[in-house]
file coords.cif (mmCIF, N, CA and C atoms)
data_model
loop_
_atom_site.label_atom_id
_atom_site.label_comp_id
_atom_site.auth_asym_id
_atom_site.auth_seq_id
_atom_site.Cartn_x
_atom_site.Cartn_y
_atom_site.Cartn_z
N MET A 1094 5.47 -2.00 18.01
CA MET A 1094 6.76 -1.65 18.56
C MET A 1094 6.64 -0.32 19.32
N PRO A 1095 6.42 -0.39 20.59
CA PRO A 1095 6.17 0.83 21.36
C PRO A 1095 7.36 1.79 21.44
N HIS A 1096 8.56 1.32 21.16
CA HIS A 1096 9.73 2.17 21.28
C HIS A 1096 9.98 3.04 20.05
N LEU A 1097 9.24 2.84 18.98
CA LEU A 1097 9.45 3.61 17.75
C LEU A 1097 8.95 5.03 17.90
N THR A 1098 9.66 5.96 17.26
CA THR A 1098 9.19 7.34 17.23
C THR A 1098 7.98 7.41 16.30
N GLU A 1099 7.24 8.50 16.42
CA GLU A 1099 6.07 8.67 15.55
C GLU A 1099 6.49 8.73 14.08
N GLU A 1100 7.62 9.34 13.80
CA GLU A 1100 8.13 9.40 12.43
C GLU A 1100 8.46 8.00 11.90
N ALA A 1101 9.08 7.18 12.73
CA ALA A 1101 9.41 5.82 12.32
C ALA A 1101 8.15 5.00 12.11
N ARG A 1102 7.14 5.19 12.94
CA ARG A 1102 5.87 4.48 12.76
C ARG A 1102 5.23 4.85 11.43
N ARG A 1103 5.21 6.14 11.15
CA ARG A 1103 4.62 6.62 9.89
C ARG A 1103 5.36 6.05 8.70
N ALA A 1104 6.68 6.08 8.73
CA ALA A 1104 7.48 5.56 7.62
C ALA A 1104 7.26 4.06 7.44
N THR A 1105 7.19 3.33 8.54
CA THR A 1105 6.97 1.89 8.47
C THR A 1105 5.59 1.59 7.90
N LYS A 1106 4.59 2.34 8.34
CA LYS A 1106 3.23 2.12 7.84
C LYS A 1106 3.15 2.45 6.34
N GLU A 1107 3.81 3.51 5.91
CA GLU A 1107 3.82 3.86 4.49
C GLU A 1107 4.50 2.77 3.66
N LYS A 1108 5.61 2.26 4.15
CA LYS A 1108 6.33 1.20 3.43
C LYS A 1108 5.47 -0.05 3.33
N PHE A 1109 4.83 -0.43 4.43
CA PHE A 1109 3.98 -1.62 4.41
C PHE A 1109 2.79 -1.40 3.49
N ALA A 1110 2.22 -0.20 3.49
CA ALA A 1110 1.10 0.11 2.60
C ALA A 1110 1.51 -0.05 1.14
N SER A 1111 2.73 0.34 0.80
CA SER A 1111 3.19 0.19 -0.58
C SER A 1111 3.34 -1.29 -0.94
N ARG A 1112 3.73 -2.10 0.05
CA ARG A 1112 3.86 -3.55 -0.19
C ARG A 1112 2.48 -4.20 -0.39
N ILE A 1113 1.51 -3.76 0.39
CA ILE A 1113 0.15 -4.26 0.25
C ILE A 1113 -0.41 -3.87 -1.11
N ALA A 1114 -0.15 -2.66 -1.55
CA ALA A 1114 -0.60 -2.21 -2.87
C ALA A 1114 0.06 -3.04 -3.97
N PHE A 1115 1.35 -3.34 -3.83
CA PHE A 1115 2.05 -4.18 -4.80
C PHE A 1115 1.42 -5.57 -4.85
N LEU A 1116 1.09 -6.10 -3.69
CA LEU A 1116 0.43 -7.41 -3.63
C LEU A 1116 -0.88 -7.38 -4.40
N GLY A 1117 -1.65 -6.33 -4.23
CA GLY A 1117 -2.90 -6.19 -4.96
C GLY A 1117 -2.70 -6.15 -6.46
N ARG A 1118 -1.70 -5.42 -6.90
CA ARG A 1118 -1.40 -5.35 -8.35
C ARG A 1118 -0.92 -6.70 -8.88
N SER A 1119 -0.18 -7.43 -8.06
CA SER A 1119 0.34 -8.74 -8.47
C SER A 1119 -0.76 -9.77 -8.64
N LEU A 1120 -1.87 -9.56 -7.99
CA LEU A 1120 -2.98 -10.51 -8.00
C LEU A 1120 -3.96 -10.29 -9.14
N GLU A 1121 -3.88 -9.14 -9.79
CA GLU A 1121 -4.85 -8.80 -10.83
C GLU A 1121 -5.00 -9.91 -11.87
N GLY A 1122 -6.25 -10.34 -12.06
CA GLY A 1122 -6.55 -11.37 -13.05
C GLY A 1122 -6.26 -12.79 -12.61
N LYS A 1123 -5.92 -12.98 -11.34
CA LYS A 1123 -5.56 -14.32 -10.85
C LYS A 1123 -6.39 -14.65 -9.62
N ILE A 1124 -6.56 -15.94 -9.39
CA ILE A 1124 -7.22 -16.40 -8.17
C ILE A 1124 -6.23 -16.38 -7.02
N TYR A 1125 -5.04 -16.89 -7.28
CA TYR A 1125 -3.95 -16.89 -6.31
C TYR A 1125 -2.73 -16.26 -6.97
N LEU A 1126 -1.70 -15.98 -6.20
CA LEU A 1126 -0.54 -15.26 -6.73
C LEU A 1126 0.13 -15.96 -7.91
N MET A 1127 0.13 -17.29 -7.90
CA MET A 1127 0.78 -18.03 -8.98
C MET A 1127 -0.22 -18.58 -9.99
N GLY A 1128 -1.46 -18.15 -9.90
CA GLY A 1128 -2.47 -18.62 -10.85
C GLY A 1128 -3.65 -19.25 -10.14
N ASP A 1129 -3.97 -20.48 -10.54
CA ASP A 1129 -5.15 -21.16 -10.00
C ASP A 1129 -4.89 -21.97 -8.74
N ASP A 1130 -3.63 -22.17 -8.39
CA ASP A 1130 -3.29 -23.03 -7.26
C ASP A 1130 -2.74 -22.23 -6.08
N PHE A 1131 -3.19 -22.58 -4.89
CA PHE A 1131 -2.70 -21.99 -3.66
C PHE A 1131 -1.26 -22.45 -3.44
N THR A 1132 -0.37 -21.52 -3.12
CA THR A 1132 1.04 -21.85 -2.85
C THR A 1132 1.47 -21.21 -1.52
N VAL A 1133 2.67 -21.50 -1.12
CA VAL A 1133 3.21 -20.92 0.10
C VAL A 1133 3.24 -19.39 0.01
N ALA A 1134 3.37 -18.85 -1.18
CA ALA A 1134 3.35 -17.39 -1.35
C ALA A 1134 2.02 -16.81 -0.89
N ASP A 1135 0.93 -17.52 -1.15
CA ASP A 1135 -0.39 -17.06 -0.72
C ASP A 1135 -0.51 -17.13 0.80
N GLY A 1136 0.05 -18.17 1.39
CA GLY A 1136 0.04 -18.27 2.85
C GLY A 1136 0.79 -17.12 3.50
N TYR A 1137 1.94 -16.78 2.94
CA TYR A 1137 2.71 -15.67 3.48
C TYR A 1137 1.98 -14.35 3.26
N ALA A 1138 1.36 -14.20 2.09
CA ALA A 1138 0.61 -12.99 1.80
C ALA A 1138 -0.55 -12.83 2.80
N PHE A 1139 -1.21 -13.93 3.11
CA PHE A 1139 -2.30 -13.89 4.08
C PHE A 1139 -1.79 -13.42 5.43
N TYR A 1140 -0.66 -13.95 5.85
CA TYR A 1140 -0.04 -13.54 7.11
C TYR A 1140 0.24 -12.03 7.10
N ALA A 1141 0.80 -11.53 6.01
CA ALA A 1141 1.12 -10.10 5.90
C ALA A 1141 -0.15 -9.26 5.94
N MET A 1142 -1.21 -9.73 5.26
CA MET A 1142 -2.46 -8.98 5.27
C MET A 1142 -3.08 -8.96 6.67
N ARG A 1143 -2.96 -10.07 7.40
CA ARG A 1143 -3.47 -10.09 8.78
C ARG A 1143 -2.69 -9.11 9.66
N LEU A 1144 -1.38 -9.07 9.49
CA LEU A 1144 -0.59 -8.09 10.23
C LEU A 1144 -1.03 -6.67 9.91
N TRP A 1145 -1.22 -6.41 8.64
CA TRP A 1145 -1.63 -5.08 8.18
C TRP A 1145 -2.95 -4.68 8.83
N GLN A 1146 -3.90 -5.58 8.85
CA GLN A 1146 -5.20 -5.26 9.41
C GLN A 1146 -5.20 -5.22 10.93
N ASN A 1147 -4.55 -6.18 11.56
CA ASN A 1147 -4.64 -6.32 13.01
C ASN A 1147 -3.69 -5.42 13.78
N HIS A 1148 -2.51 -5.17 13.24
CA HIS A 1148 -1.52 -4.41 13.99
C HIS A 1148 -1.35 -2.99 13.47
N ALA A 1149 -1.34 -2.83 12.16
CA ALA A 1149 -1.18 -1.49 11.59
C ALA A 1149 -2.52 -0.79 11.44
N LYS A 1150 -3.60 -1.55 11.61
CA LYS A 1150 -4.96 -1.03 11.48
C LYS A 1150 -5.20 -0.45 10.09
N GLY A 1151 -4.57 -1.07 9.10
CA GLY A 1151 -4.74 -0.62 7.72
C GLY A 1151 -5.87 -1.36 7.03
N ASP A 1152 -6.45 -0.71 6.05
CA ASP A 1152 -7.50 -1.33 5.25
C ASP A 1152 -6.88 -1.99 4.03
N LEU A 1153 -7.47 -3.10 3.62
CA LEU A 1153 -7.02 -3.76 2.41
C LEU A 1153 -7.63 -3.07 1.20
N PRO A 1154 -6.86 -2.96 0.12
CA PRO A 1154 -7.44 -2.42 -1.11
C PRO A 1154 -8.53 -3.37 -1.62
N ASP A 1155 -9.46 -2.84 -2.39
CA ASP A 1155 -10.56 -3.64 -2.93
C ASP A 1155 -10.06 -4.88 -3.67
N THR A 1156 -8.92 -4.76 -4.32
CA THR A 1156 -8.38 -5.90 -5.08
C THR A 1156 -8.01 -7.07 -4.20
N LEU A 1157 -7.84 -6.83 -2.90
CA LEU A 1157 -7.40 -7.91 -2.00
C LEU A 1157 -8.49 -8.46 -1.09
N THR A 1158 -9.63 -7.83 -1.01
CA THR A 1158 -10.64 -8.29 -0.06
C THR A 1158 -11.17 -9.69 -0.39
N ALA A 1159 -11.46 -9.95 -1.65
CA ALA A 1159 -11.95 -11.29 -2.03
C ALA A 1159 -10.83 -12.33 -1.88
N TYR A 1160 -9.62 -11.95 -2.21
CA TYR A 1160 -8.47 -12.84 -2.06
C TYR A 1160 -8.29 -13.22 -0.59
N TYR A 1161 -8.34 -12.24 0.29
CA TYR A 1161 -8.20 -12.48 1.72
C TYR A 1161 -9.32 -13.40 2.21
N ALA A 1162 -10.54 -13.13 1.79
CA ALA A 1162 -11.68 -13.96 2.21
C ALA A 1162 -11.53 -15.38 1.70
N ARG A 1163 -11.08 -15.54 0.46
CA ARG A 1163 -10.89 -16.87 -0.13
C ARG A 1163 -9.87 -17.69 0.69
N ILE A 1164 -8.78 -17.06 1.06
CA ILE A 1164 -7.76 -17.77 1.83
C ILE A 1164 -8.27 -18.06 3.24
N SER A 1165 -8.96 -17.11 3.84
CA SER A 1165 -9.42 -17.31 5.21
C SER A 1165 -10.46 -18.43 5.33
N GLU A 1166 -11.08 -18.82 4.22
CA GLU A 1166 -12.06 -19.91 4.23
C GLU A 1166 -11.42 -21.29 4.07
N ARG A 1167 -10.15 -21.35 3.80
CA ARG A 1167 -9.47 -22.64 3.66
C ARG A 1167 -9.47 -23.35 5.02
N PRO A 1168 -9.80 -24.63 5.06
CA PRO A 1168 -9.85 -25.34 6.35
C PRO A 1168 -8.56 -25.25 7.15
N SER A 1169 -7.42 -25.34 6.50
CA SER A 1169 -6.15 -25.29 7.23
C SER A 1169 -5.91 -23.90 7.83
N VAL A 1170 -6.34 -22.88 7.14
CA VAL A 1170 -6.19 -21.51 7.66
C VAL A 1170 -7.13 -21.30 8.84
N LYS A 1171 -8.36 -21.76 8.70
CA LYS A 1171 -9.31 -21.67 9.81
C LYS A 1171 -8.76 -22.37 11.05
N ALA A 1172 -8.19 -23.56 10.86
CA ALA A 1172 -7.63 -24.33 11.97
C ALA A 1172 -6.46 -23.58 12.61
N ALA A 1173 -5.61 -22.98 11.80
CA ALA A 1173 -4.45 -22.25 12.34
C ALA A 1173 -4.90 -21.03 13.13
N ILE A 1174 -5.87 -20.31 12.63
CA ILE A 1174 -6.37 -19.13 13.35
C ILE A 1174 -7.02 -19.55 14.65
N GLU A 1175 -7.77 -20.63 14.61
CA GLU A 1175 -8.41 -21.13 15.82
C GLU A 1175 -7.36 -21.58 16.84
N ALA A 1176 -6.30 -22.22 16.37
CA ALA A 1176 -5.23 -22.67 17.26
C ALA A 1176 -4.51 -21.48 17.92
N GLU A 1177 -4.50 -20.35 17.23
CA GLU A 1177 -3.91 -19.13 17.79
C GLU A 1177 -4.83 -18.48 18.82
N GLY A 1178 -6.06 -18.97 18.88
CA GLY A 1178 -7.02 -18.42 19.83
C GLY A 1178 -7.68 -17.15 19.35
N GLN A 1179 -7.80 -17.02 18.03
CA GLN A 1179 -8.41 -15.80 17.48
C GLN A 1179 -9.67 -16.10 16.73
#
call {"tool": "encode", "arguments": {"input": "coords.cif", "output": "structure tokens"}}
result
Amino acid sequence: MPHLTEEARRATKEKFASRIAFLGRSLEGKIYLMGDDFTVADGYAFYAMRLWQNHAKGDLPDTLTAYYARISERPSVKAAIEAEGQ
């Protein structure tokens, strides 16, 4: 969002960082957010993590790197990313 002030950018990035940290804590001890099965919550989480990395240029916490990789290897996710041209 190019129209945001630097203060607004910082506040938005801090808020998103807190959400990413919460996601990491929510995943502790689980393969997916709801346990052993992939759900729509995981798909949305993947989308949010991609935004965090690609647009906010934020790093994922260690607790989320394997989770992100696991989701990105799903055939449907690979197909969607390819369809986006990325």
call {"tool": "atom_distance", "arguments": {"input": "coords.cif", "atom1": "atom N of Ala1159 (chain A)", "atom2": "atom N of Ala1104 (chain A)"}}
result
26.3 Å
call {"tool": "atom_distance", "arguments": {"input": "coords.cif", "atom1": "CA of Ala1101 (chain A)", "atom2": "atom N of Tyr1137 (chain A)"}}
result
25.6 Å
call {"tool": "residues_around", "arguments": {"input": "coords.cif", "residues": "Ala1162 (chain A)", "least_positions_apart": "5", "cutoff": "12 Å", "atoms": "only C-alpha atoms", "output": "PyMOL selection string"}}
result
chain A and resi 1124-1125+1139+1142-1143+1153+1155-1157+1167+1170-1171
call {"tool": "closest_residue", "arguments": {"input": "coords.cif", "among": "A:Pro1168, A:Gly1178, A:Pro1154, A:Gly1136", "to": "Ala1110 (chain A)", "atoms": "only C-alpha atoms"}}
result
A:Pro1154
call {"tool": "select_by_dssp", "arguments": {"input": "coords.cif", "residues": "chain A", "states": "helix (DSSP H, G or I)", "output": "ChimeraX atom specification"}}
result
/A:1099-1120,1133-1147,1155-1165,1168-1176
call {"tool": "atom_distance", "arguments": {"input": "coords.cif", "atom1": "atom N of Ser1111 (chain A)", "atom2": "atom C of Ala1176 (chain A)"}}
result
28.7 Å
call {"tool": "residues_near_point", "arguments": {"input": "coords.cif", "point": "(-5.4, -11.1, 20.0)", "cutoff": "10 Å", "atoms": "only C-alpha atoms", "output": "mmCIF file with N, CA and C atoms, in the coordinates of the input"}}
result
data_model
loop_
_atom_site.group_PDB
_atom_site.id
_atom_site.type_symbol
_atom_site.label_atom_id
_atom_site.label_comp_id
_atom_site.auth_asym_id
_atom_site.auth_seq_id
_atom_site.Cartn_x
_atom_site.Cartn_y
_atom_site.Cartn_z
ATOM 1 N N ASN A 1147 -4.550 -6.180 11.560
ATOM 2 C CA ASN A 1147 -4.640 -6.320 13.010
ATOM 3 C C ASN A 1147 -3.690 -5.420 13.780
ATOM 4 N N HIS A 1148 -2.510 -5.170 13.240
ATOM 5 C CA HIS A 1148 -1.520 -4.410 13.990
ATOM 6 C C HIS A 1148 -1.350 -2.990 13.470
ATOM 7 N N GLU A 1177 -4.500 -20.350 17.230
ATOM 8 C CA GLU A 1177 -3.910 -19.130 17.790
ATOM 9 C C GLU A 1177 -4.830 -18.480 18.820
ATOM 10 N N GLY A 1178 -6.060 -18.970 18.880
ATOM 11 C CA GLY A 1178 -7.020 -18.420 19.830
ATOM 12 C C GLY A 1178 -7.680 -17.150 19.350
ATOM 13 N N GLN A 1179 -7.800 -17.020 18.030
ATOM 14 C CA GLN A 1179 -8.410 -15.800 17.480
ATOM 15 C C GLN A 1179 -9.670 -16.100 16.730
#
call {"tool": "closest_residue", "arguments": {"input": "coords.cif", "among": "A:Leu1144, A:Ser1169, A:Ala1138, A:Gly1128", "to": "Leu1116 (chain A)", "atoms": "only C-alpha atoms"}}
result
A:Ala1138
